[in-house]
>>> print(open('query_38.cif').read())   # mmCIF, C-alpha atoms
data_coords
#
loop_
_atom_site.label_atom_id
_atom_site.label_comp_id
_atom_site.auth_asym_id
_atom_site.auth_seq_id
_atom_site.Cartn_x
_atom_site.Cartn_y
_atom_site.Cartn_z
CA MET X 155 -11.95 3.65 -3.42
CA PRO X 156 -12.32 3.51 -7.21
CA LYS X 157 -15.21 1.33 -8.32
CA HIS X 158 -12.91 -1.02 -10.19
CA LEU X 159 -11.26 -2.02 -6.91
CA ARG X 160 -14.48 -2.68 -5.00
CA LYS X 161 -15.59 -6.07 -3.77
CA ASP X 162 -17.10 -7.07 -7.12
CA ARG X 163 -14.01 -5.91 -9.02
CA HIS X 164 -10.29 -6.54 -8.71
CA SER X 165 -7.20 -4.37 -8.80
CA ARG X 166 -5.09 -3.71 -11.85
CA ASN X 167 -2.39 -6.19 -12.68
CA ALA X 168 -2.10 -7.79 -9.25
CA PRO X 169 -2.02 -11.47 -10.19
CA ILE X 170 -2.84 -13.41 -7.08
CA LYS X 171 -4.17 -16.89 -6.96
CA THR X 172 -5.83 -18.63 -4.11
CA SER X 173 -6.03 -22.34 -3.59
CA ARG X 174 -6.26 -24.91 -0.87
CA THR X 175 -3.10 -26.67 0.07
CA ASP X 176 -2.01 -29.53 2.26
CA VAL X 177 -0.48 -27.96 5.34
CA ASP X 178 1.13 -29.75 8.25
CA ASP X 179 -1.25 -30.55 11.10
CA GLU X 180 1.01 -28.55 13.39
CA VAL X 181 0.41 -25.45 11.28
CA LEU X 182 -3.33 -26.01 10.94
CA ALA X 183 -3.64 -26.26 14.68
CA ASP X 184 -3.29 -22.49 14.68
CA GLU X 185 -5.89 -21.21 12.21
CA ASP X 186 -4.42 -17.71 12.29
CA MET X 187 -0.89 -18.69 11.35
CA SER X 188 0.43 -17.37 8.05
CA VAL X 189 3.55 -18.38 6.18
CA CYS X 190 5.19 -16.12 3.59
CA SER X 191 8.03 -16.64 1.16
CA ASN X 192 10.07 -14.11 -0.82
CA ILE X 193 8.50 -11.07 0.83
CA SER X 194 10.18 -7.72 0.25
CA ASP X 195 12.32 -6.60 3.20
CA ALA X 196 10.02 -3.72 4.11
CA THR X 197 9.99 -1.99 7.48
CA SER X 198 6.73 -2.25 9.37
CA ILE X 199 5.16 1.00 10.50
CA TYR X 200 4.72 -0.65 13.88
CA ASP X 201 8.44 -0.52 14.62
CA GLU X 202 8.47 2.78 16.52
CA ILE X 203 5.49 2.00 18.76
CA GLU X 204 5.74 -1.76 19.02
CA ALA X 205 6.11 -1.67 22.79
CA GLY X 206 2.88 0.25 23.23
CA LEU X 207 0.99 -2.09 20.93
CA ASN X 208 2.30 -5.19 22.68
CA ALA X 209 1.25 -3.79 26.04
CA ALA X 210 -2.25 -3.19 24.74
CA THR X 211 -2.65 -6.55 23.03
CA THR X 212 -2.02 -8.49 26.24
CA VAL X 213 -5.38 -7.22 27.53
CA ILE X 214 -7.37 -6.52 24.38
CA LEU X 215 -7.33 -9.40 21.95
CA SER X 216 -9.54 -11.89 23.70
CA SER X 217 -12.97 -12.01 22.08
CA ASP X 218 -14.71 -11.21 25.36
CA ASN X 219 -16.49 -7.85 25.66
CA LEU X 220 -15.15 -6.41 22.41
CA ASP X 221 -17.98 -3.89 22.34
CA GLU X 222 -17.05 -2.64 25.79
CA LYS X 223 -13.38 -2.40 24.81
CA LEU X 224 -14.24 -0.39 21.71
CA ASP X 225 -16.51 1.95 23.64
CA SER X 226 -13.92 2.43 26.35
CA ALA X 227 -11.18 3.19 23.82
CA ILE X 228 -13.36 5.72 21.97
CA GLU X 229 -14.22 7.39 25.27
CA GLU X 230 -10.52 7.63 26.12
CA LEU X 231 -9.95 9.61 22.91
CA ARG X 232 -12.16 12.36 24.38
CA ASN X 233 -9.99 12.67 27.48
CA LYS X 234 -7.90 15.82 27.97
CA ASP X 235 -4.93 13.77 29.18
CA LEU X 236 -2.49 12.93 26.35
CA LYS X 237 -1.45 9.56 27.79
CA THR X 238 -5.07 8.50 28.14
CA ARG X 239 -5.78 9.38 24.51
CA GLU X 240 -2.68 7.50 23.40
CA HIS X 241 -3.80 4.46 25.36
CA GLY X 242 -7.16 4.59 23.59
CA LEU X 243 -5.43 4.83 20.22
CA CYS X 244 -3.21 1.85 21.08
CA THR X 245 -6.31 -0.14 21.98
CA LEU X 246 -7.99 0.71 18.68
CA GLN X 247 -4.82 -0.10 16.79
CA ALA X 248 -4.63 -3.54 18.34
CA LEU X 249 -8.34 -4.26 17.78
CA PHE X 250 -8.49 -2.95 14.21
CA SER X 251 -5.31 -4.72 13.10
CA GLN X 252 -5.85 -8.08 14.78
CA LYS X 253 -9.64 -8.39 14.45
CA TYR X 254 -12.15 -7.79 11.67
CA LEU X 255 -15.07 -5.93 13.26
CA PRO X 256 -17.25 -4.54 10.44
CA ASP X 257 -20.52 -4.27 12.37
CA GLN X 258 -19.02 -2.87 15.55
CA VAL X 259 -16.99 -0.29 13.62
CA ALA X 260 -19.88 0.74 11.38
CA ASN X 261 -22.16 1.27 14.39
CA ARG X 262 -19.59 3.56 16.00
CA SER X 263 -18.21 5.18 12.86
CA GLU X 264 -19.45 8.72 13.59
CA ASN X 265 -17.80 8.81 17.01
CA ILE X 266 -14.60 7.21 15.72
CA ILE X 267 -14.37 9.68 12.81
CA GLU X 268 -14.92 12.68 15.08
CA GLN X 269 -12.26 11.62 17.57
CA LEU X 270 -9.66 10.52 15.00
CA ILE X 271 -9.93 13.82 13.13
CA SER X 272 -9.53 15.66 16.42
CA CYS X 273 -6.39 13.67 17.26
CA LEU X 274 -4.95 14.20 13.77
CA LYS X 275 -5.51 17.96 13.85
CA LYS X 276 -3.73 18.41 17.19
CA GLY X 277 -0.41 17.74 15.48
CA ASN X 278 1.15 16.26 18.61
CA GLU X 279 3.87 13.90 17.40
CA SER X 280 3.26 10.71 19.39
CA GLU X 281 -0.53 11.09 19.33
CA GLY X 282 -0.53 12.08 15.66
CA LYS X 283 1.48 9.05 14.61
CA LEU X 284 -0.86 6.69 16.45
CA ALA X 285 -3.93 8.48 15.09
CA ALA X 286 -2.58 8.20 11.56
CA ILE X 287 -2.09 4.44 11.86
CA VAL X 288 -5.53 3.95 13.43
CA THR X 289 -7.05 6.05 10.63
CA SER X 290 -5.57 3.72 8.00
CA LEU X 291 -6.83 0.67 9.91
CA PHE X 292 -10.26 2.28 10.30
CA PHE X 293 -10.56 2.66 6.52
CA ILE X 294 -9.48 -0.97 6.07
CA GLN X 295 -12.24 -1.97 8.47
CA LEU X 296 -14.81 0.10 6.56
CA GLY X 297 -13.54 -1.06 3.15
CA GLU X 298 -15.81 1.27 1.19
CA SER X 299 -15.38 4.37 -0.96
CA ASN X 300 -16.78 7.57 0.50
CA ASP X 301 -15.59 10.79 -1.09
CA GLU X 302 -17.08 12.96 1.63
CA LEU X 303 -15.30 10.97 4.34
CA PHE X 304 -12.06 11.05 2.38
CA GLN X 305 -12.30 14.84 2.13
CA LYS X 306 -12.78 15.16 5.89
CA PHE X 307 -9.62 13.20 6.64
CA ARG X 308 -7.72 14.86 3.79
CA ASP X 309 -8.53 18.28 5.26
CA ALA X 310 -7.23 17.13 8.65
CA ILE X 311 -4.06 15.49 7.34
CA MET X 312 -2.82 17.70 4.51
CA PRO X 313 -2.17 20.95 6.46
CA ILE X 314 0.19 19.10 8.79
CA LEU X 315 1.74 17.09 5.95
CA ARG X 316 2.54 20.35 4.15
CA ASP X 317 3.76 22.13 7.29
CA GLU X 318 7.56 22.10 7.18
CA THR X 319 7.73 23.22 10.82
CA LYS X 320 6.27 19.89 11.93
CA SER X 321 8.57 16.94 12.59
CA SER X 322 9.56 14.90 9.56
CA SER X 323 8.61 11.65 11.29
CA LEU X 324 5.05 12.88 11.91
CA ARG X 325 4.74 14.08 8.31
CA THR X 326 6.08 10.70 7.13
CA ARG X 327 3.30 8.89 8.97
CA TYR X 328 0.70 11.28 7.54
CA ALA X 329 2.09 10.74 4.02
CA GLN X 330 1.66 6.98 4.43
CA THR X 331 -1.85 7.37 5.80
CA ILE X 332 -3.22 9.74 3.15
CA GLY X 333 -2.23 7.24 0.45
CA ILE X 334 -4.20 4.41 2.09
CA VAL X 335 -7.16 6.68 2.86
CA CYS X 336 -7.33 7.86 -0.76
CA PHE X 337 -6.81 4.36 -2.18
CA ILE X 338 -9.76 3.01 -0.19
CA GLY X 339 -12.02 6.00 0.29
CA CYS X 340 -11.69 8.21 -2.79
CA GLU X 341 -13.61 7.45 -5.95
CA ASP X 342 -13.18 10.87 -7.58
CA ILE X 343 -10.29 10.76 -10.03
CA ALA X 344 -9.69 14.52 -9.93
CA SER X 345 -9.24 14.40 -6.14
CA SER X 346 -6.77 11.53 -6.46
CA VAL X 347 -4.79 13.43 -9.09
CA ASP X 348 -4.70 16.56 -6.91
CA LEU X 349 -3.38 14.51 -4.01
CA MET X 350 -0.72 12.96 -6.23
CA LYS X 351 0.44 16.46 -7.18
CA SER X 352 0.73 17.38 -3.49
CA LEU X 353 2.73 14.24 -2.78
CA GLU X 354 5.05 14.99 -5.71
CA ILE X 355 5.75 18.46 -4.32
CA ILE X 356 7.15 16.68 -1.27
CA PHE X 357 9.35 14.03 -2.90
CA SER X 358 10.41 16.32 -5.76
CA LYS X 359 12.79 17.93 -3.25
CA SER X 360 14.99 14.86 -3.88
CA TYR X 361 14.91 15.18 -7.70
CA VAL X 362 18.25 15.53 -9.43
CA LEU X 363 19.03 19.23 -9.85
CA LYS X 364 19.26 20.94 -13.25
CA ASP X 365 23.06 20.87 -13.11
CA GLY X 366 22.95 17.07 -12.64
CA THR X 367 23.92 17.11 -8.96
CA ILE X 368 22.11 15.28 -6.17
CA PRO X 369 20.42 17.59 -3.63
CA ILE X 370 21.61 17.39 -0.05
CA VAL X 371 18.65 16.21 2.03
CA THR X 372 18.58 15.16 5.67
CA ARG X 373 17.88 11.55 6.58
CA ASP X 374 14.52 12.42 8.16
CA LEU X 375 13.36 14.26 5.05
CA GLN X 376 14.48 11.39 2.84
CA GLU X 377 12.21 9.08 4.84
CA LEU X 378 9.38 11.54 4.26
CA HIS X 379 10.14 11.63 0.52
CA ALA X 380 10.15 7.81 0.36
CA ALA X 381 6.76 7.66 2.12
CA ALA X 382 5.26 10.29 -0.20
CA LEU X 383 6.59 8.43 -3.24
CA SER X 384 5.16 5.15 -1.96
CA SER X 385 1.69 6.68 -1.58
CA TRP X 386 2.01 8.33 -5.00
CA CYS X 387 2.85 4.95 -6.53
CA LEU X 388 -0.14 3.35 -4.80
CA LEU X 389 -2.45 5.94 -6.36
CA VAL X 390 -0.88 5.55 -9.81
CA SER X 391 -2.21 1.98 -9.80
CA THR X 392 -5.79 3.30 -9.56
CA MET X 393 -5.58 5.66 -12.52
CA PRO X 394 -7.61 5.11 -15.72
CA ASN X 395 -5.64 4.44 -18.89
CA ASN X 396 -5.40 7.98 -20.25
CA HIS X 397 -4.13 9.32 -16.93
CA ALA X 398 -1.77 6.37 -16.50
CA HIS X 399 -0.35 6.95 -20.00
CA ASP X 400 0.45 10.60 -19.21
CA LEU X 401 2.00 9.75 -15.85
CA ILE X 402 4.23 7.12 -17.44
CA ARG X 403 5.31 9.55 -20.17
CA ILE X 404 6.20 12.28 -17.67
CA TYR X 405 7.68 10.35 -14.77
CA ALA X 406 9.04 6.99 -15.93
CA PRO X 407 11.93 8.00 -18.24
CA GLU X 408 13.68 10.64 -16.10
CA LYS X 409 11.98 12.10 -13.02
CA ILE X 410 11.55 8.98 -10.88
CA PRO X 411 14.81 7.37 -12.15
CA GLY X 412 16.67 10.42 -10.83
CA LEU X 413 15.64 9.41 -7.29
CA ILE X 414 17.62 6.18 -7.70
CA GLU X 415 20.75 8.27 -7.12
CA SER X 416 19.60 9.35 -3.67
CA SER X 417 21.95 8.73 -0.77
CA ASP X 418 19.08 7.12 1.18
CA ALA X 419 18.64 3.38 0.67
CA ASP X 420 14.87 3.37 1.29
CA LEU X 421 14.27 6.17 -1.20
CA ARG X 422 16.50 4.48 -3.80
CA ASN X 423 14.67 1.18 -3.46
CA GLN X 424 11.24 2.83 -3.42
CA ALA X 425 12.14 4.71 -6.61
CA GLY X 426 13.22 1.46 -8.24
CA GLU X 427 10.00 -0.33 -7.32
CA THR X 428 7.95 2.67 -8.49
CA ILE X 429 9.67 2.47 -11.87
CA ALA X 430 8.85 -1.24 -12.04
CA VAL X 431 5.16 -0.52 -11.30
CA LEU X 432 5.00 2.29 -13.89
CA TYR X 433 6.43 0.15 -16.67
CA GLU X 434 4.29 -2.83 -15.65
CA ILE X 435 1.22 -0.62 -16.09
CA ALA X 436 2.65 0.69 -19.37
CA ARG X 437 2.89 -2.85 -20.71
CA ASP X 438 -0.58 -3.63 -19.43
CA ILE X 439 -2.18 -0.71 -21.31
CA ASN X 440 0.04 -1.15 -24.41
CA SER X 441 1.57 2.29 -23.95
CA VAL X 442 4.09 3.53 -26.53
CA PHE X 443 6.32 4.25 -23.53
CA ALA X 444 6.39 0.64 -22.37
CA ASP X 445 10.07 0.21 -23.32
CA PRO X 446 12.50 1.90 -20.92
CA PRO X 447 15.35 4.02 -22.33
CA GLU X 448 18.79 2.44 -22.48
CA SER X 449 20.09 4.96 -19.94
CA LEU X 450 17.59 3.67 -17.36
CA LEU X 451 18.58 0.04 -17.98
CA LYS X 452 22.24 0.95 -17.46
CA THR X 453 21.38 2.68 -14.16
CA LEU X 454 19.38 -0.30 -12.94
CA ASP X 455 22.18 -2.68 -13.90
CA LYS X 456 24.68 -0.47 -12.08
CA LYS X 457 22.63 -0.46 -8.89
CA ALA X 458 22.10 -4.22 -9.15
CA ASN X 459 25.86 -4.76 -9.09
CA GLU X 460 27.05 -1.84 -6.99
CA SER X 461 29.49 -2.62 -4.22
CA VAL X 462 30.86 0.52 -2.59
CA LYS X 463 32.69 0.50 0.70
CA TYR X 464 30.76 3.32 2.37
CA LYS X 465 27.50 1.35 2.33
CA GLY X 466 26.71 -1.29 4.93
CA LYS X 467 26.46 -4.97 4.02
CA LYS X 468 22.72 -5.19 4.66
CA GLU X 469 22.06 -2.02 2.68
CA LYS X 470 24.12 -3.25 -0.28
CA ARG X 471 22.55 -6.71 -0.17
CA LEU X 472 19.01 -5.31 -0.20
CA GLN X 473 19.82 -2.81 -2.94
CA ARG X 474 21.42 -5.43 -5.18
CA ALA X 475 18.52 -7.83 -4.68
CA THR X 476 15.91 -5.14 -5.35
CA PHE X 477 17.51 -3.72 -8.48
CA ARG X 478 18.52 -7.11 -9.84
CA GLU X 479 14.85 -8.12 -9.69
CA ILE X 480 13.79 -4.86 -11.36
CA TYR X 481 16.46 -5.14 -14.06
CA ASN X 482 15.48 -8.74 -14.79
CA SER X 483 11.84 -7.72 -15.18
CA PHE X 484 12.92 -5.62 -18.17
CA GLU X 485 15.58 -7.88 -19.63
CA GLU X 486 13.96 -11.27 -19.02
CA GLY X 487 10.28 -10.38 -18.58
CA THR X 488 10.13 -11.78 -15.04
CA SER X 489 7.95 -10.52 -12.19
CA PRO X 490 8.09 -10.79 -8.41
CA GLU X 491 6.83 -14.12 -7.16
CA PHE X 492 5.95 -15.05 -3.61
CA THR X 493 3.33 -17.10 -1.84
CA ILE X 494 1.39 -16.57 1.35
CA LYS X 495 -0.18 -19.49 3.18
CA PHE X 496 -2.88 -18.91 5.78
CA GLY X 497 -4.90 -21.82 7.05
CA ARG X 498 -5.55 -23.93 3.95
CA GLU X 499 -5.54 -21.04 1.49
CA VAL X 500 -2.56 -19.96 -0.60
CA LEU X 501 -1.99 -16.69 -2.44
CA GLU X 502 0.49 -16.45 -5.27
CA ILE X 503 1.47 -12.89 -6.17
CA THR X 504 3.23 -12.46 -9.49
CA SER X 505 3.34 -8.73 -10.26
CA TRP X 506 4.93 -5.55 -8.98
CA THR X 507 1.53 -4.00 -8.31
CA GLY X 508 0.45 -7.06 -6.35
CA ARG X 509 3.58 -6.84 -4.23
CA LEU X 510 3.00 -3.11 -3.71
CA TYR X 511 -0.45 -3.86 -2.31
CA TYR X 512 0.66 -6.78 -0.17
CA ASN X 513 3.61 -4.96 1.41
CA GLY X 514 1.49 -1.89 2.09
CA PHE X 515 -1.32 -3.72 3.84
CA SER X 516 0.86 -6.23 5.67
CA ASN X 517 3.01 -3.42 7.08
CA LEU X 518 -0.15 -1.89 8.50
CA LEU X 519 -1.87 -5.03 9.75
CA GLY X 520 1.22 -6.86 10.98
CA THR X 521 0.39 -10.28 12.34
CA GLY X 522 -3.30 -9.59 11.74
CA MET X 523 -2.82 -9.68 7.97
CA ASN X 524 -3.93 -13.30 7.67
CA VAL X 525 -7.05 -12.65 9.77
CA HIS X 526 -8.10 -9.90 7.36
CA LEU X 527 -7.22 -12.01 4.32
CA LYS X 528 -9.65 -14.64 5.58
CA GLU X 529 -12.47 -12.38 6.76
CA ASN X 530 -12.22 -8.85 5.37
CA GLY X 531 -14.25 -8.63 2.16
CA PHE X 532 -12.46 -5.48 1.00
CA LEU X 533 -9.01 -6.99 1.39
CA ARG X 534 -10.09 -10.25 -0.21
CA SER X 535 -11.34 -8.30 -3.22
CA VAL X 536 -8.05 -6.41 -3.52
CA PHE X 537 -6.21 -9.73 -3.60
CA ASN X 538 -8.77 -11.53 -5.77
CA LEU X 539 -9.81 -13.94 -3.02
CA ASP X 540 -13.58 -13.63 -3.43
CA ASP X 541 -14.04 -17.00 -5.12
CA ALA X 542 -11.47 -18.91 -3.10
CA ALA X 543 -13.81 -21.47 -1.62
CA VAL X 544 -15.68 -22.04 -4.88
CA GLU X 545 -12.54 -22.56 -6.89
CA GLU X 546 -10.56 -24.59 -4.37
CA ASN X 547 -10.97 -27.89 -6.21
CA GLN X 548 -9.92 -26.53 -9.59
CA GLN X 549 -7.10 -24.38 -8.25
CA GLY X 550 -5.68 -27.09 -6.05
CA LYS X 551 -4.82 -29.18 -9.09
CA GLY X 552 -1.83 -28.92 -11.39
CA ASN X 553 1.75 -28.02 -10.70
CA ARG X 554 2.98 -24.57 -9.74
CA PHE X 555 3.98 -23.56 -13.27
CA GLU X 556 0.55 -24.49 -14.64
CA ARG X 557 -1.16 -22.53 -11.87
CA GLN X 558 0.90 -19.44 -12.63
CA LEU X 559 0.13 -19.62 -16.35
CA ALA X 560 -3.57 -19.95 -15.67
CA ASN X 561 -3.37 -17.17 -13.11
CA LYS X 562 -1.70 -14.72 -15.49
CA ALA X 563 -4.14 -15.52 -18.29
CA ALA X 564 -7.13 -14.89 -16.02
CA PHE X 565 -5.73 -11.61 -14.82
CA LYS X 566 -5.02 -10.45 -18.36
CA LEU X 567 -8.71 -10.88 -19.23
CA ARG X 568 -9.76 -9.17 -16.03
CA THR X 569 -7.37 -6.27 -16.59
CA GLN X 570 -8.78 -5.67 -20.07
CA ALA X 571 -12.25 -5.41 -18.57
CA LEU X 572 -11.01 -2.99 -15.92
CA ARG X 573 -9.48 -0.72 -18.56
CA LYS X 574 -12.90 -0.33 -20.17
CA THR X 575 -14.48 0.39 -16.79
CA ARG X 576 -11.95 3.12 -15.96
CA ASP X 577 -12.13 4.76 -19.37
CA ASN X 578 -15.94 4.69 -19.39
CA LYS X 579 -15.94 6.38 -16.02
CA VAL X 580 -13.73 9.19 -17.34
CA ILE X 581 -15.96 9.63 -20.39
CA ARG X 582 -19.04 9.84 -18.16
CA SER X 583 -17.41 12.47 -15.94
CA HIS X 584 -16.54 14.59 -18.99
CA HIS X 585 -20.14 14.46 -20.20
CA GLU X 586 -21.41 15.42 -16.76
CA ASP X 587 -19.10 18.45 -16.76
#
>>> encode(input="query_38.cif", output="C-alpha cells")
Amino acid sequence: MPKHLRKDRHSRNAPIKTSRTDVDDEVLADEDMSVCSNISDATSIYDEIEAGLNAATTVILSSDNLDEKLDSAIEELRNKDLKTREHGLCTLQALFSQKYLPDQVANRSENIIEQLISCLKKGNESEGKLAAIVTSLFFIQLGESNDELFQKFRDAIMPILRDETKSSSLRTRYAQTIGIVCFIGCEDIASSVDLMKSLEIIFSKSYVLKDGTIPIVTRDLQELHAAALSSWCLLVSTMPNNHAHDLIRIYAPEKIPGLIESSDADLRNQAGETIAVLYEIARDINSVFADPPESLLKTLDKKANESVKYKGKKEKRLQRATFREIYNSFEEGTSPEFTIKFGREVLEITSWTGRLYYNGFSNLLGTGMNVHLKENGFLRSVFNLDDAAVEENQQGKGNRFERQLANKAAFKLRTQALRKTRDNKVIRSHHED
C-alpha cells in the first residue's frame, strides 16, 4: 500500500468524520451492530457463495479455539480433495471477514500465503473464486504494504485474469482481488501503473468503436469489464499528482465516458462513478482538466433522466439515481453523503473517493465491516478513524452542517500534505534511477 495511505496517513479526498453519538439502548445492546444510510446499491461479492459462508459461520464464529480453527482450515487447503479445500476456504473467509485476527494471521502468514497461491494457480472456478475472496481478506487482515508479497500474488492471479479461455466469472473475481491486493500491498508506483494498463486492456473491449458504434459484448464479459474498471478506479486514487493529471487528461473527457453507453447497467454505473472520482481528483489537485466538457454533461444529464421501455424498473431507478448524483456534483458542487453508525461511533463520508473505498471494503467484509472499523488499524486509517476516541468530545458537538464544514476543511489541509508526500516520493524514485 502506498505510504500515504498507511496507518499514520490518510487516503486522498475521502472525507470521513467520526464522532460519538447517542444511540438507542436497544442498538447498543449489540456492540457489533452497524447502521448505514444512503449507501450505494452495490452487489456484494458474497452473493454467489452465501450459502457456503452461512454454513461455515454457524460453527466458526464463536471465539473459542480460534487458533485451532485457523490451523484446521489451513491444513484443509493442503488436501487433495476439492470439497475439503473449499471448506477450508469458506472457514477462512468467515473468520477473516467477521473477526480481526492480526496476531494469529501474522504467525501463520507463510503457510496461508503458500496455500492461497496454490489454490489461485489451480484455476478451478469454485475454488478460485473462494481463494480470490480469501486473498483480499488476508491482505485486509495484514494491512501492510509488501511489494514482494504483492508480486507473488500478482504472478498467481494475472495469468488467469488474462486467459480468455477461463470463465468470465472467475476472471471477474480475480479482477476484483488484484485491485484490493495492489491497493493494500503495493508501494511501487511503476507496478501499480503497469497493473492499471493490464486492467485497461480488459475493459477497453467495451470502448466505443472508431465508427461511433457500441461493441457487442456478452453479459459475462461486461461484468468482467466492470470489475476491471472498478479496480482501475481504486488504483487511480493512489496515484501521485503528476500521474493523476495525465490519467485525467487521457481518460476523463472521452475514453471512460464512452463506457456510459454500454448496454450493461453495472458497467454504465461504474463508468459514471469512475468519472466522478477522476474529476474529484482533478479538482483536488487543481488540474487544468477539472472542468468536464459540455458533451459529457449532456450525456450525464441524459442518463439521469432516461426512461426507456426495454430497461427494467429497478435498473432505470438505479441508473437515474446514480447519474443524477454525478450530474449534480458537476452542476451544483455536491458530493455523496452518507453516515455509518457502529456502536457509539459515526462516520460521515462526503466524497466520491470515500464512497469508492467504503463500498469496496463493505462488499468484501459484509456484516463484519463494523468489526473491522472498530478494531482493524489499517481500515481505520483508510477511513480516518485513528483519532476517534481522542476527538469524541469535540466532534460530538455542533449540528450536522457544522460538522461537515469542519470535516471538509480538515481534509483539504490533509490532502495538500498528501500531495507533497506523493510528489516527493516520485522525485526520490527518479533520483534513485
>>> residues_around(input="query_38.cif", residues="segment 478-485 of chain X", least_positions_apart="3", cutoff="12 Å", atoms="only C-alpha atoms", output="number ranges by chain")
X: 192, 194, 423-434, 437, 444-448, 450-460, 470-475, 488-491, 504-506
>>> write_last_selection(input="query_38.cif", atoms="C-alpha atoms", output="tab-separated table (two decimals), in the frame of the given file")
chain	number	residue	atom	x	y	z
X	192	ASN	CA	10.07	-14.11	-0.82
X	194	SER	CA	10.18	-7.72	0.25
X	423	ASN	CA	14.67	1.18	-3.46
X	424	GLN	CA	11.24	2.83	-3.42
X	425	ALA	CA	12.14	4.71	-6.61
X	426	GLY	CA	13.22	1.46	-8.24
X	427	GLU	CA	10.00	-0.33	-7.32
X	428	THR	CA	7.95	2.67	-8.49
X	429	ILE	CA	9.67	2.47	-11.87
X	430	ALA	CA	8.85	-1.24	-12.04
X	431	VAL	CA	5.16	-0.52	-11.30
X	432	LEU	CA	5.00	2.29	-13.89
X	433	TYR	CA	6.43	0.15	-16.67
X	434	GLU	CA	4.29	-2.83	-15.65
X	437	ARG	CA	2.89	-2.85	-20.71
X	444	ALA	CA	6.39	0.64	-22.37
X	445	ASP	CA	10.07	0.21	-23.32
X	446	PRO	CA	12.50	1.90	-20.92
X	447	PRO	CA	15.35	4.02	-22.33
X	448	GLU	CA	18.79	2.44	-22.48
X	450	LEU	CA	17.59	3.67	-17.36
X	451	LEU	CA	18.58	0.04	-17.98
X	452	LYS	CA	22.24	0.95	-17.46
X	453	THR	CA	21.38	2.68	-14.16
X	454	LEU	CA	19.38	-0.30	-12.94
X	455	ASP	CA	22.18	-2.68	-13.90
X	456	LYS	CA	24.68	-0.47	-12.08
X	457	LYS	CA	22.63	-0.46	-8.89
X	458	ALA	CA	22.10	-4.22	-9.15
X	459	ASN	CA	25.86	-4.76	-9.09
X	460	GLU	CA	27.05	-1.84	-6.99
X	470	LYS	CA	24.12	-3.25	-0.28
X	471	ARG	CA	22.55	-6.71	-0.17
X	472	LEU	CA	19.01	-5.31	-0.20
X	473	GLN	CA	19.82	-2.81	-2.94
X	474	ARG	CA	21.42	-5.43	-5.18
X	475	ALA	CA	18.52	-7.83	-4.68
X	488	THR	CA	10.13	-11.78	-15.04
X	489	SER	CA	7.95	-10.52	-12.19
X	490	PRO	CA	8.09	-10.79	-8.41
X	491	GLU	CA	6.83	-14.12	-7.16
X	504	THR	CA	3.23	-12.46	-9.49
X	505	SER	CA	3.34	-8.73	-10.26
X	506	TRP	CA	4.93	-5.55	-8.98
>>> residues_around(input="query_38.cif", residues="segment 372-376 of chain X", least_positions_apart="2", cutoff="9 Å", atoms="only C-alpha atoms", output="NGL selection string")
:X and (321-323 or 326 or 357 or 360 or 370 or 378-381 or 416-418 or 420-421)
>>> write_last_selection(input="query_38.cif", atoms="C-alpha atoms", output="PDB file, in the frame of the given file")
ATOM      1  CA  SER X 321       8.570  16.940  12.590  1.00  0.00           C
ATOM      2  CA  SER X 322       9.560  14.900   9.560  1.00  0.00           C
ATOM      3  CA  SER X 323       8.610  11.650  11.290  1.00  0.00           C
ATOM      4  CA  THR X 326       6.080  10.700   7.130  1.00  0.00           C
ATOM      5  CA  PHE X 357       9.350  14.030  -2.900  1.00  0.00           C
ATOM      6  CA  SER X 360      14.990  14.860  -3.880  1.00  0.00           C
ATOM      7  CA  ILE X 370      21.610  17.390  -0.050  1.00  0.00           C
ATOM      8  CA  LEU X 378       9.380  11.540   4.260  1.00  0.00           C
ATOM      9  CA  HIS X 379      10.140  11.630   0.520  1.00  0.00           C
ATOM     10  CA  ALA X 380      10.150   7.810   0.360  1.00  0.00           C
ATOM     11  CA  ALA X 381       6.760   7.660   2.120  1.00  0.00           C
ATOM     12  CA  SER X 416      19.600   9.350  -3.670  1.00  0.00           C
ATOM     13  CA  SER X 417      21.950   8.730  -0.770  1.00  0.00           C
ATOM     14  CA  ASP X 418      19.080   7.120   1.180  1.00  0.00           C
ATOM     15  CA  ASP X 420      14.870   3.370   1.290  1.00  0.00           C
ATOM     16  CA  LEU X 421      14.270   6.170  -1.200  1.00  0.00           C
TER      17      LEU X 421
END
>>> atom_distance(input="query_38.cif", atom1="atom CA of Leu401 of chain X", atom2="atom CA of Thr507 of chain X")
15.7 Å
>>> atom_distance(input="query_38.cif", atom1="atom CA of Ala310 of chain X", atom2="atom CA of Val288 of chain X")
14.1 Å
>>> resolve_selection(input="query_38.cif", expression="the PyMOL selection byres ((chain X and resi 526) around 10)", output="VMD selection string")
chain X and resid 186 250 to 255 294 to 295 515 to 516 519 521 to 525 527 to 534
>>> closest_residue(input="query_38.cif", among="X:Ile355, X:Ala406, X:Ala344, X:Val335", to="Arg316 of chain X", atoms="only C-alpha atoms")
X:Ile355
